[in-house]
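Data block below; observations after.
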Amino acid sequence: MNLTTDIKTNMRGNKQERERIGQRIAEIRREQNITQEELAMRTNLRNTHISRIERGYYSVGFDTLQTIAEALGKRIDFV
């Protein structure tokens, strides 16, 4: 393998992980009958940001993930 292949492989893996985390956040949010707008208000994030996180378009930093977990009444290991 070369560096380009390694980077592409890593990027695909990161995208899969972003999607998995986003899907888990969306799942818990829906179970609690919370809209993206409500979650955005609880976390002081924009609803477009929540949407992009849930669809795996944005990486979630630890602080943001912790904020979302608290807003959903979960520990950070929920993902």
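Each chain in the structure tokens gets a letter, A, B, ..., in the order shown, and its residues are numbered from 1; ligands are numbered from 1 in order too.
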Neighbours of range 52-69 of chain A within 6 Å (only C-alpha atoms; same-chain residues fewer than 6 positions away dropped), as a CSV table (one decimal) with all heavy atoms, in the first residue's frame?
```csv
chain,number,residue,atom,x,y,z
A,18,ARG,N,-18.4,8.1,11.5
A,18,ARG,CA,-19.3,9.3,11.6
A,18,ARG,C,-20.7,8.9,11.4
A,18,ARG,O,-21.6,9.4,12.1
A,18,ARG,CB,-18.8,10.4,10.6
A,18,ARG,CG,-17.6,11.1,11.0
A,18,ARG,CD,-17.4,12.4,10.1
A,18,ARG,NE,-17.7,12.2,8.7
A,18,ARG,CZ,-16.8,12.0,7.8
A,18,ARG,NH1,-15.5,11.8,8.1
A,18,ARG,NH2,-17.2,11.9,6.5
A,19,GLU,N,-20.9,8.1,10.4
A,19,GLU,CA,-22.3,7.7,10.1
A,19,GLU,C,-22.9,6.8,11.2
A,19,GLU,O,-24.0,7.0,11.6
A,19,GLU,CB,-22.4,6.9,8.8
A,19,GLU,CG,-22.1,7.8,7.6
A,19,GLU,CD,-22.0,7.0,6.3
A,19,GLU,OE1,-21.8,5.8,6.3
A,19,GLU,OE2,-22.1,7.7,5.2
A,22,GLY,N,-23.7,9.2,14.1
A,22,GLY,CA,-24.8,10.0,13.8
A,22,GLY,C,-26.1,9.2,13.8
A,22,GLY,O,-27.2,9.7,14.3
A,23,GLN,N,-26.1,8.0,13.3
A,23,GLN,CA,-27.3,7.1,13.3
A,23,GLN,C,-27.7,6.8,14.7
A,23,GLN,O,-28.9,6.8,15.0
A,23,GLN,CB,-27.1,5.8,12.5
A,23,GLN,CG,-27.0,6.1,11.0
A,23,GLN,CD,-26.5,4.8,10.3
A,23,GLN,OE1,-26.2,3.8,10.9
A,23,GLN,NE2,-26.4,5.0,9.0
A,26,ALA,N,-29.4,9.9,16.2
A,26,ALA,CA,-30.8,10.0,15.6
A,26,ALA,C,-31.7,9.0,16.2
A,26,ALA,O,-32.9,9.3,16.5
A,26,ALA,CB,-30.7,9.9,14.1
A,75,ARG,N,-25.0,8.7,28.9
A,75,ARG,CA,-23.6,8.8,29.1
A,75,ARG,C,-22.9,8.8,27.7
A,75,ARG,O,-23.5,8.3,26.7
A,75,ARG,CB,-23.1,7.7,29.9
A,75,ARG,CG,-23.6,7.7,31.3
A,75,ARG,CD,-23.1,6.6,32.2
A,75,ARG,NE,-22.2,5.7,31.5
A,75,ARG,CZ,-21.7,4.6,32.0
A,75,ARG,NH1,-22.1,4.2,33.2
A,75,ARG,NH2,-21.0,3.7,31.4
A,76,ILE,N,-21.7,9.3,27.6
A,76,ILE,CA,-21.0,9.4,26.3
A,76,ILE,C,-20.8,8.0,25.7
A,76,ILE,O,-20.7,7.9,24.5
A,76,ILE,CB,-19.7,10.2,26.4
A,76,ILE,CG1,-19.4,10.7,25.0
A,76,ILE,CG2,-18.6,9.4,27.1
A,76,ILE,CD1,-18.5,11.9,25.1
```
Residue contacts of range 45-49 of chain A (6 Å, only C-alpha atoms) excluding same-chain residues fewer than 4 positions away, as a ChimeraX atom specification:
/A:36-37,40
Residues near Leu39 in chain A, cut-off 8 Å, only C-alpha atoms, skip fewer than 3 positions along chain, as an NGL selection string
:A and (29 or 34-36 or 42-43 or 47 or 50 or 68 or 71-72)
Write out, as a compact mmCIF listing (two decimals), in the first residue's frame, the residues just selected, with N, CA, C and O atoms.
```txt
# COMPACT_ATOMS: atom_id res chain seq x y z
N ARG A 29 -32.58 10.07 19.76
CA ARG A 29 -33.41 11.27 19.69
C ARG A 29 -34.85 10.90 19.32
O ARG A 29 -35.80 11.37 19.96
N ILE A 34 -37.87 13.53 20.34
CA ILE A 34 -37.26 14.86 20.31
C ILE A 34 -36.96 15.20 18.86
O ILE A 34 -36.39 14.39 18.13
N THR A 35 -37.32 16.39 18.44
CA THR A 35 -36.99 16.84 17.09
C THR A 35 -35.55 17.31 17.04
O THR A 35 -34.93 17.58 18.09
N GLN A 36 -35.03 17.43 15.84
CA GLN A 36 -33.69 17.99 15.70
C GLN A 36 -33.65 19.41 16.22
O GLN A 36 -32.67 19.82 16.83
N ARG A 42 -31.47 22.42 23.04
CA ARG A 42 -30.90 21.87 24.28
C ARG A 42 -29.37 21.92 24.29
O ARG A 42 -28.76 21.97 25.34
N THR A 43 -28.77 21.84 23.10
CA THR A 43 -27.32 21.78 23.00
C THR A 43 -26.67 23.09 22.58
O THR A 43 -25.45 23.19 22.51
N ASN A 47 -29.80 23.53 14.25
CA ASN A 47 -30.43 22.27 13.83
C ASN A 47 -29.78 21.72 12.57
O ASN A 47 -29.74 20.50 12.38
N ILE A 50 -26.95 19.61 13.80
CA ILE A 50 -27.45 18.32 14.30
C ILE A 50 -27.75 17.41 13.11
O ILE A 50 -27.37 16.23 13.11
N ILE A 68 -24.29 16.61 23.51
CA ILE A 68 -25.43 15.89 22.94
C ILE A 68 -25.87 14.77 23.88
O ILE A 68 -27.06 14.58 24.13
N ALA A 71 -27.77 16.19 26.76
CA ALA A 71 -29.10 16.65 26.32
C ALA A 71 -30.07 15.48 26.13
O ALA A 71 -31.27 15.65 26.30
N LEU A 72 -29.52 14.32 25.80
CA LEU A 72 -30.35 13.13 25.61
C LEU A 72 -30.45 12.30 26.89
O LEU A 72 -31.08 11.24 26.89
```
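Separating CA of Lys74 in chain A from CA of Gln32 in chain A is a distance of 11.4 Å.
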Residue set, chain A restricted to helix (DSSP H, G or I), as a VMD selection string:
chain A and resid 3 to 31 36 to 43 47 to 54 62 to 71 76 to 78
